[in-house]
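**Q** Structure incoming, see below.
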Amino acid sequence: MYLLTGAAGFLGQHVARALSERGLSLRALVLPGDPLAGLLPQGVAVYQGDLLSDADLDRFFAGAGPGDTLIHCASLITMSMEREDKVTRVNVDGTLNLVERCLKTGARMLHVTSVHAIEEAPHGQVMREPQRLDPEPLVGWYAKTKAMAARLVMTAREQQGLQASIVYPAGLAGPGDHAGGNLTQMFYDYQSGALTLGVAGGYNFADVRDVAQAIATLAQTEALGEDYVLSGEYISIVDILGEFSRVTGRPPVTRLVPRWLARAFLPLIRLMYKIRRVKPVFSAYSLYTVQANCLFDHAKASADLGYAPRPIRETLGDTARWLMARQRQGPPR
């Protein structure tokens, strides 16, 4: 049996689909009342519950034991540079609760963190699977909490015998982002004409479908214990918008503003997004991220899991076409 947290999320839904397509028995944990739970594949046993509720986790883990595998995808994403207690509770305390359940039942754990949890190396240096994690030098509260949570898993593996693997996905792109992340909002802003200027920089993106297949493959391995970076390729913000232009036929965005100028206008940008009641594409954290070193090596995952991420421009084309097909529903709120 496989137990999946965050099953209604962007990655979680793709992981659920990958496991279901392999004919595997899946139990999915979703937040009470989450409308996206209805998009999960037929045959998935849906449990409503919260990572911070002992009673909910008792029900979710009922009957689980050695040979069963927990895949922990659930987390809260924040663009904040400062501490956010709710993010800490979900990302760190929630992970600790799951580690304790796995140790108690004997279930294995596949923990999904992020490349943001890896300490940034100087530009030009390649980053691979870390042996240790330190949240202190990381930028942004999301990155720090993801490192804290993954470190809990590492410690339980080393000191308490937890059979666990950790995966580090890069930025996720692809169709199926029903909740509306940054890339989705960027498309809507571009498509509506609200986004007329780009920012210099870019990031490493991987197709969510490829990441989900790698996770499903790892979950089926006989013994967990190895960690894997699941990165894709670098693409600039301007080239992302160029792919959107190619698919939609709208004029491309070619004008760039310096990051220092974008930072200076952040208060106004936040106000504009607040008035529109949508998630801001640009923040202090995102502006930092697009200039950070994102040279990650997924060679280990390719060798062990057959991980072969498709070209990012193919992913962006699929993303744009999927979003256009559902655009009449409007941008996510």
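Residues in the structure tokens are numbered from 1 in each chain, the chains being A, B, ... in the order shown, and ligands are numbered from 1 in the order shown.
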Could you go through range 214-289 of chain A and tell me which residues DSSP, when run on the backbone, assigns to strand (DSSP E or B), listing them as a PyMOL selection string?
**A** chain A and resi 228-230+233-236+256-257
**Q** Could you turn the residues from that selection into a file that holds N, CA, C and O atoms, as a PDB file, in the first residue's frame?
**A**
ATOM      1  N   TYR A 228      17.818  11.885  -4.238  1.00  0.00           N
ATOM      2  CA  TYR A 228      17.928  12.227  -5.659  1.00  0.00           C
ATOM      3  C   TYR A 228      17.507  13.668  -5.936  1.00  0.00           C
ATOM      4  O   TYR A 228      16.456  14.111  -5.470  1.00  0.00           O
ATOM      5  N   VAL A 229      18.321  14.358  -6.719  1.00  0.00           N
ATOM      6  CA  VAL A 229      17.945  15.647  -7.293  1.00  0.00           C
ATOM      7  C   VAL A 229      17.157  15.377  -8.562  1.00  0.00           C
ATOM      8  O   VAL A 229      17.578  14.596  -9.419  1.00  0.00           O
ATOM      9  N   LEU A 230      15.989  15.999  -8.680  1.00  0.00           N
ATOM     10  CA  LEU A 230      15.132  15.852  -9.862  1.00  0.00           C
ATOM     11  C   LEU A 230      15.009  17.213 -10.534  1.00  0.00           C
ATOM     12  O   LEU A 230      13.979  17.887 -10.447  1.00  0.00           O
ATOM     13  N   GLU A 233      16.061  21.928 -16.638  1.00  0.00           N
ATOM     14  CA  GLU A 233      17.023  22.789 -17.317  1.00  0.00           C
ATOM     15  C   GLU A 233      16.702  24.252 -17.029  1.00  0.00           C
ATOM     16  O   GLU A 233      15.576  24.601 -16.674  1.00  0.00           O
ATOM     17  N   TYR A 234      17.709  25.077 -17.203  1.00  0.00           N
ATOM     18  CA  TYR A 234      17.551  26.512 -16.986  1.00  0.00           C
ATOM     19  C   TYR A 234      16.827  27.133 -18.170  1.00  0.00           C
ATOM     20  O   TYR A 234      17.076  26.804 -19.335  1.00  0.00           O
ATOM     21  N   ILE A 235      15.929  28.058 -17.863  1.00  0.00           N
ATOM     22  CA  ILE A 235      15.319  28.878 -18.905  1.00  0.00           C
ATOM     23  C   ILE A 235      15.076  30.266 -18.328  1.00  0.00           C
ATOM     24  O   ILE A 235      14.691  30.411 -17.156  1.00  0.00           O
ATOM     25  N   SER A 236      15.316  31.274 -19.124  1.00  0.00           N
ATOM     26  CA  SER A 236      15.146  32.654 -18.658  1.00  0.00           C
ATOM     27  C   SER A 236      13.674  33.047 -18.650  1.00  0.00           C
ATOM     28  O   SER A 236      12.834  32.441 -19.328  1.00  0.00           O
ATOM     29  N   LEU A 256      13.167  44.458 -20.750  1.00  0.00           N
ATOM     30  CA  LEU A 256      13.571  44.010 -19.417  1.00  0.00           C
ATOM     31  C   LEU A 256      13.765  45.198 -18.490  1.00  0.00           C
ATOM     32  O   LEU A 256      14.189  46.272 -18.925  1.00  0.00           O
ATOM     33  N   VAL A 257      13.453  44.980 -17.213  1.00  0.00           N
ATOM     34  CA  VAL A 257      13.794  45.969 -16.189  1.00  0.00           C
ATOM     35  C   VAL A 257      14.861  45.364 -15.298  1.00  0.00           C
ATOM     36  O   VAL A 257      14.852  44.155 -15.029  1.00  0.00           O
TER      37      VAL A 257
END
**Q** Quick one: contact table of range 6-97 of chain A to range 166-175 of chain A, 12 Å max, nearest atom pair and distance in Å to one decimal per residue, counting only C-alpha atoms, chain and number order, as a Markdown table?
**A**
| residue | atom | partner | partner_atom | distance |
| --- | --- | --- | --- | --- |
| A:Gly9 | CA | A:Leu172 | CA | 11.8 |
| A:Phe10 | CA | A:Leu172 | CA | 8.6 |
| A:Leu11 | CA | A:Leu172 | CA | 8.0 |
| A:Gly12 | CA | A:Leu172 | CA | 11.8 |
| A:Gln13 | CA | A:Pro175 | CA | 11.1 |
| A:His14 | CA | A:Pro175 | CA | 9.8 |
| A:Leu70 | CA | A:Ile166 | CA | 11.7 |
| A:Ile71 | CA | A:Ile166 | CA | 9.9 |
| A:His72 | CA | A:Ile166 | CA | 9.6 |
| A:Cys73 | CA | A:Val167 | CA | 10.2 |
| A:Ile77 | CA | A:Gly171 | CA | 12.0 |
**Q** Using N, CA and C atoms, can you export the residues from the last selection as a PDB file, in the first residue's frame?
**A**
ATOM      1  N   GLY A   9      -2.538  18.448  -4.471  1.00  0.00           N
ATOM      2  CA  GLY A   9      -1.659  19.496  -4.974  1.00  0.00           C
ATOM      3  C   GLY A   9      -1.169  19.222  -6.383  1.00  0.00           C
ATOM      4  N   PHE A  10      -0.420  20.154  -6.923  1.00  0.00           N
ATOM      5  CA  PHE A  10       0.090  20.069  -8.302  1.00  0.00           C
ATOM      6  C   PHE A  10       0.890  18.781  -8.506  1.00  0.00           C
ATOM      7  N   LEU A  11       1.934  18.593  -7.708  1.00  0.00           N
ATOM      8  CA  LEU A  11       2.742  17.380  -7.829  1.00  0.00           C
ATOM      9  C   LEU A  11       1.973  16.170  -7.332  1.00  0.00           C
ATOM     10  N   GLY A  12       1.257  16.312  -6.218  1.00  0.00           N
ATOM     11  CA  GLY A  12       0.559  15.178  -5.625  1.00  0.00           C
ATOM     12  C   GLY A  12      -0.408  14.519  -6.587  1.00  0.00           C
ATOM     13  N   GLN A  13      -1.149  15.316  -7.345  1.00  0.00           N
ATOM     14  CA  GLN A  13      -2.101  14.732  -8.289  1.00  0.00           C
ATOM     15  C   GLN A  13      -1.396  13.933  -9.379  1.00  0.00           C
ATOM     16  N   HIS A  14      -0.256  14.421  -9.826  1.00  0.00           N
ATOM     17  CA  HIS A  14       0.494  13.692 -10.851  1.00  0.00           C
ATOM     18  C   HIS A  14       1.101  12.409 -10.274  1.00  0.00           C
ATOM     19  N   LEU A  70       5.056   5.610   2.590  1.00  0.00           N
ATOM     20  CA  LEU A  70       4.493   6.958   2.633  1.00  0.00           C
ATOM     21  C   LEU A  70       5.252   7.843   1.659  1.00  0.00           C
ATOM     22  N   ILE A  71       4.519   8.562   0.815  1.00  0.00           N
ATOM     23  CA  ILE A  71       5.102   9.571  -0.071  1.00  0.00           C
ATOM     24  C   ILE A  71       4.589  10.919   0.410  1.00  0.00           C
ATOM     25  N   HIS A  72       5.502  11.722   0.917  1.00  0.00           N
ATOM     26  CA  HIS A  72       5.115  12.984   1.565  1.00  0.00           C
ATOM     27  C   HIS A  72       5.340  14.155   0.619  1.00  0.00           C
ATOM     28  N   CYS A  73       4.257  14.584  -0.055  1.00  0.00           N
ATOM     29  CA  CYS A  73       4.312  15.715  -0.980  1.00  0.00           C
ATOM     30  C   CYS A  73       3.771  17.002  -0.377  1.00  0.00           C
ATOM     31  N   ILE A  77       3.780  26.627   0.435  1.00  0.00           N
ATOM     32  CA  ILE A  77       4.759  27.469  -0.246  1.00  0.00           C
ATOM     33  C   ILE A  77       4.518  28.917   0.162  1.00  0.00           C
TER      34      ILE A  77
END
**Q** Could you tell me which of A:Ala223, A:Ala320, A:Leu197, A:Leu162 comes closest to Ala262 in chain A if we count only C-alpha atoms?
**A**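 Under the stated criterion, the closest residue is A:Leu197.
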**Q** Can you tell me which residues surround Arg101 in chain A at a distance of at most 9 Å, considering only C-alpha atoms, apart from same-chain residues fewer than 4 positions away, and format the answer as an MDAnalysis selection string?
**A** chainID A and resid 57:58 61 96:97 105:107
**Q** Excluding same-chain residues fewer than 6 positions from Leu266 in chain A, what lies within 9 Å of it counting only C-alpha atoms, as an mmCIF file with N, CA and C atoms, in the first residue's frame?
**A**
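The new file around-v7.cif reads:
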data_model
loop_
_atom_site.group_PDB
_atom_site.id
_atom_site.type_symbol
_atom_site.label_atom_id
_atom_site.label_comp_id
_atom_site.auth_asym_id
_atom_site.auth_seq_id
_atom_site.Cartn_x
_atom_site.Cartn_y
_atom_site.Cartn_z
ATOM 1 N N PHE A 282 5.904 38.540 -8.840
ATOM 2 C CA PHE A 282 7.218 39.005 -8.394
ATOM 3 C C PHE A 282 7.171 39.416 -6.927
ATOM 4 N N SER A 283 8.188 39.009 -6.204
ATOM 5 C CA SER A 283 8.351 39.320 -4.789
ATOM 6 C C SER A 283 9.850 39.402 -4.529
ATOM 7 N N ALA A 284 10.213 39.807 -3.333
ATOM 8 C CA ALA A 284 11.640 39.858 -2.992
ATOM 9 C C ALA A 284 12.267 38.470 -3.143
#
**Q** May I ask for the distance between CA of Glu100 in chain A and CA of Ala45 in chain A, given in Å to one decimal place?
**A**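 CA of Ala45 in chain A lies 22.4 Å from CA of Glu100 in chain A.
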**Q** Compile the contact shell of Asp297 in chain A as a PyMOL selection string: residues with an atom at most 7 Å away, counting only C-alpha atoms, same-chain residues fewer than 4 positions apart removed.
**A** chain A and resi 126-128+229+231
**Q** Would you return as a short mmCIF file (atom, residue, chain, number, x, y, z; two decimals) with N, CA, C and O atoms, in the first residue's frame the members of range 3-160 of chain A that DSSP assigns to alpha helix (DSSP H) on this structure's backbone?
**A**
data_model
loop_
_atom_site.label_atom_id
_atom_site.label_comp_id
_atom_site.auth_asym_id
_atom_site.auth_seq_id
_atom_site.Cartn_x
_atom_site.Cartn_y
_atom_site.Cartn_z
N PHE A 10 -0.42 20.15 -6.92
CA PHE A 10 0.09 20.07 -8.30
C PHE A 10 0.89 18.78 -8.51
O PHE A 10 0.57 17.95 -9.36
N LEU A 11 1.93 18.59 -7.71
CA LEU A 11 2.74 17.38 -7.83
C LEU A 11 1.97 16.17 -7.33
O LEU A 11 2.02 15.10 -7.95
N GLY A 12 1.26 16.31 -6.22
CA GLY A 12 0.56 15.18 -5.63
C GLY A 12 -0.41 14.52 -6.59
O GLY A 12 -0.49 13.28 -6.66
N GLN A 13 -1.15 15.32 -7.35
CA GLN A 13 -2.10 14.73 -8.29
C GLN A 13 -1.40 13.93 -9.38
O GLN A 13 -1.87 12.87 -9.80
N HIS A 14 -0.26 14.42 -9.83
CA HIS A 14 0.49 13.69 -10.85
C HIS A 14 1.10 12.41 -10.27
O HIS A 14 1.16 11.38 -10.97
N VAL A 15 1.55 12.47 -9.03
CA VAL A 15 2.07 11.25 -8.39
C VAL A 15 0.95 10.24 -8.22
O VAL A 15 1.13 9.03 -8.48
N ALA A 16 -0.23 10.70 -7.79
CA ALA A 16 -1.38 9.80 -7.64
C ALA A 16 -1.71 9.13 -8.97
O ALA A 16 -1.99 7.92 -9.03
N ARG A 17 -1.66 9.90 -10.04
CA ARG A 17 -1.97 9.34 -11.36
C ARG A 17 -0.90 8.33 -11.78
O ARG A 17 -1.23 7.26 -12.32
N ALA A 18 0.36 8.65 -11.53
CA ALA A 18 1.44 7.74 -11.91
C ALA A 18 1.33 6.40 -11.16
O ALA A 18 1.55 5.33 -11.74
N LEU A 19 1.00 6.47 -9.87
CA LEU A 19 0.85 5.24 -9.09
C LEU A 19 -0.37 4.46 -9.53
O LEU A 19 -0.33 3.22 -9.65
N SER A 20 -1.48 5.16 -9.78
CA SER A 20 -2.72 4.49 -10.19
C SER A 20 -2.54 3.81 -11.54
O SER A 20 -3.06 2.70 -11.76
N GLU A 21 -1.84 4.46 -12.45
CA GLU A 21 -1.60 3.87 -13.77
C GLU A 21 -0.76 2.59 -13.69
O GLU A 21 -0.80 1.77 -14.60
N ASP A 54 -3.41 14.49 15.28
CA ASP A 54 -3.08 13.11 15.62
C ASP A 54 -4.20 12.15 15.22
O ASP A 54 -3.95 11.05 14.71
N ALA A 55 -5.44 12.56 15.46
CA ALA A 55 -6.57 11.70 15.13
C ALA A 55 -6.64 11.43 13.63
O ALA A 55 -6.90 10.29 13.19
N ASP A 56 -6.42 12.47 12.83
CA ASP A 56 -6.46 12.30 11.38
C ASP A 56 -5.34 11.37 10.90
O ASP A 56 -5.56 10.51 10.03
N LEU A 57 -4.16 11.53 11.46
CA LEU A 57 -3.05 10.68 11.05
C LEU A 57 -3.23 9.24 11.54
O LEU A 57 -2.81 8.30 10.86
N ASP A 58 -3.85 9.07 12.68
CA ASP A 58 -4.15 7.71 13.15
C ASP A 58 -5.05 7.00 12.15
O ASP A 58 -4.84 5.81 11.83
N ARG A 59 -6.07 7.71 11.65
CA ARG A 59 -6.96 7.10 10.65
C ARG A 59 -6.22 6.83 9.34
O ARG A 59 -6.39 5.78 8.73
N PHE A 60 -5.39 7.77 8.94
CA PHE A 60 -4.67 7.64 7.66
C PHE A 60 -3.69 6.46 7.69
O PHE A 60 -3.55 5.74 6.70
N ASP A 85 4.70 31.35 10.92
CA ASP A 85 4.46 30.23 11.83
C ASP A 85 3.63 29.11 11.19
O ASP A 85 3.89 27.93 11.43
N LYS A 86 2.64 29.48 10.39
CA LYS A 86 1.81 28.45 9.77
C LYS A 86 2.63 27.58 8.82
O LYS A 86 2.46 26.35 8.77
N VAL A 87 3.53 28.19 8.07
CA VAL A 87 4.39 27.44 7.16
C VAL A 87 5.30 26.51 7.94
O VAL A 87 5.53 25.35 7.56
N THR A 88 5.81 26.99 9.07
CA THR A 88 6.66 26.16 9.92
C THR A 88 5.89 24.97 10.46
O THR A 88 6.38 23.83 10.46
N GLY A 94 4.54 19.12 10.67
CA GLY A 94 3.80 18.09 9.95
C GLY A 94 4.69 16.95 9.51
O GLY A 94 4.32 15.77 9.59
N THR A 95 5.90 17.28 9.04
CA THR A 95 6.85 16.23 8.64
C THR A 95 7.28 15.40 9.83
O THR A 95 7.37 14.17 9.75
N LEU A 96 7.53 16.05 10.95
CA LEU A 96 7.91 15.31 12.16
C LEU A 96 6.80 14.33 12.57
O LEU A 96 7.09 13.19 12.94
N ASN A 97 5.55 14.76 12.49
CA ASN A 97 4.45 13.87 12.82
C ASN A 97 4.45 12.62 11.93
O ASN A 97 4.19 11.50 12.39
N LEU A 98 4.77 12.82 10.65
CA LEU A 98 4.79 11.69 9.72
C LEU A 98 5.98 10.78 9.97
O LEU A 98 5.87 9.55 9.87
N VAL A 99 7.12 11.38 10.28
CA VAL A 99 8.31 10.56 10.63
C VAL A 99 7.99 9.67 11.82
O VAL A 99 8.31 8.46 11.83
N GLU A 100 7.35 10.24 12.82
CA GLU A 100 7.01 9.46 14.02
C GLU A 100 6.04 8.34 13.69
O GLU A 100 6.16 7.22 14.21
N ARG A 101 5.06 8.58 12.79
CA ARG A 101 4.11 7.54 12.40
C ARG A 101 4.84 6.42 11.64
O ARG A 101 4.53 5.24 11.83
N CYS A 102 5.76 6.79 10.78
CA CYS A 102 6.50 5.78 10.03
C CYS A 102 7.36 4.93 10.96
O CYS A 102 7.44 3.69 10.82
N LEU A 103 8.02 5.56 11.92
CA LEU A 103 8.83 4.81 12.89
C LEU A 103 7.95 3.88 13.73
O LEU A 103 8.34 2.74 14.02
N LYS A 104 6.78 4.35 14.07
CA LYS A 104 5.87 3.55 14.91
C LYS A 104 5.31 2.35 14.16
O LYS A 104 5.20 1.25 14.72
N THR A 105 4.96 2.56 12.88
CA THR A 105 4.32 1.48 12.12
C THR A 105 5.31 0.62 11.34
O THR A 105 4.96 -0.49 10.91
N TRP A 141 11.80 31.89 3.72
CA TRP A 141 11.30 31.00 4.76
C TRP A 141 10.89 29.64 4.21
O TRP A 141 11.01 28.63 4.90
N TYR A 142 10.43 29.59 2.98
CA TYR A 142 10.09 28.31 2.37
C TYR A 142 11.33 27.41 2.31
O TYR A 142 11.28 26.24 2.71
N ALA A 143 12.42 27.94 1.80
CA ALA A 143 13.65 27.16 1.69
C ALA A 143 14.11 26.67 3.06
O ALA A 143 14.52 25.51 3.22
N LYS A 144 14.06 27.55 4.04
CA LYS A 144 14.52 27.18 5.37
C LYS A 144 13.67 26.04 5.96
O LYS A 144 14.20 25.08 6.54
N THR A 145 12.34 26.14 5.82
CA THR A 145 11.49 25.09 6.39
C THR A 145 11.64 23.78 5.64
O THR A 145 11.55 22.70 6.24
N LYS A 146 11.86 23.84 4.34
CA LYS A 146 12.07 22.60 3.59
C LYS A 146 13.36 21.92 4.01
O LYS A 146 13.43 20.68 4.08
N ALA A 147 14.39 22.71 4.31
CA ALA A 147 15.64 22.13 4.81
C ALA A 147 15.46 21.55 6.20
O ALA A 147 15.97 20.47 6.52
N MET A 148 14.73 22.28 7.07
CA MET A 148 14.48 21.78 8.42
C MET A 148 13.75 20.43 8.38
O MET A 148 14.09 19.49 9.10
N ALA A 149 12.73 20.35 7.52
CA ALA A 149 11.93 19.14 7.44
C ALA A 149 12.75 17.97 6.90
O ALA A 149 12.70 16.85 7.45
N ALA A 150 13.50 18.21 5.82
CA ALA A 150 14.31 17.12 5.26
C ALA A 150 15.39 16.68 6.23
O ALA A 150 15.75 15.50 6.28
N ARG A 151 15.89 17.62 7.02
CA ARG A 151 16.90 17.25 8.02
C ARG A 151 16.31 16.32 9.08
O ARG A 151 17.00 15.43 9.59
N LEU A 152 15.04 16.51 9.42
CA LEU A 152 14.38 15.61 10.36
C LEU A 152 14.35 14.18 9.80
O LEU A 152 14.57 13.20 10.53
N VAL A 153 14.08 14.07 8.51
CA VAL A 153 14.04 12.75 7.87
C VAL A 153 15.44 12.13 7.86
O VAL A 153 15.61 10.94 8.16
N MET A 154 16.45 12.95 7.51
CA MET A 154 17.83 12.45 7.52
C MET A 154 18.23 11.94 8.90
O MET A 154 18.84 10.87 9.03
N THR A 155 17.89 12.70 9.93
CA THR A 155 18.27 12.33 11.30
C THR A 155 17.58 11.03 11.71
O THR A 155 18.21 10.14 12.30
N ALA A 156 16.29 10.89 11.39
CA ALA A 156 15.58 9.65 11.73
C ALA A 156 16.16 8.46 10.97
O ALA A 156 16.21 7.34 11.49
N ARG A 157 16.61 8.69 9.76
CA ARG A 157 17.22 7.62 8.96
C ARG A 157 18.55 7.18 9.57
O ARG A 157 18.83 5.99 9.68
N GLU A 158 19.34 8.16 10.00
CA GLU A 158 20.67 7.86 10.51
C GLU A 158 20.65 7.33 11.93
O GLU A 158 21.45 6.45 12.29
N GLN A 159 19.76 7.85 12.75
CA GLN A 159 19.80 7.54 14.17
C GLN A 159 18.74 6.55 14.64
O GLN A 159 18.90 5.91 15.68
N GLN A 160 17.63 6.44 13.87
CA GLN A 160 16.53 5.60 14.34
C GLN A 160 16.14 4.49 13.36
O GLN A 160 15.18 3.77 13.57
#
**Q** Measuring between only C-alpha atoms, which one of A:Arg255, A:Arg246, A:Arg313, A:His298 shows the shortest distance to Asp227 in chain A?
**A**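 Under the stated criterion, the closest residue is A:His298.
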**Q** With distances taken over only C-alpha atoms, which residue among A:Glu120, A:Arg326, A:Gln291, A:Thr217 lies nearest Glu136 in chain A?
**A**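 Closest to Glu136 in chain A, using only C-alpha atoms: A:Glu120.
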**Q** Skip Ala28 in chain A itself and residues of its chain fewer than 3 positions away, then list as a list in words all residues within 9 Å of it, counting only C-alpha atoms.
**A**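 Residues near the query, excluding close chain neighbours: Tyr2, Leu3, Leu4, Thr5, Gly6, Ala7, Ala8, Ala16, Leu40, Val44, Ala45, Val46, Tyr47, Gln48 and Phe60 of chain A.
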**Q** If we count only C-alpha atoms, what is near Val211 in chain A at a cut-off of 8 Å, once residues fewer than 4 positions away on the same chain are taken out, given as a PyMOL selection string?
**A** chain A and resi 169+206-207+215+230+307+309
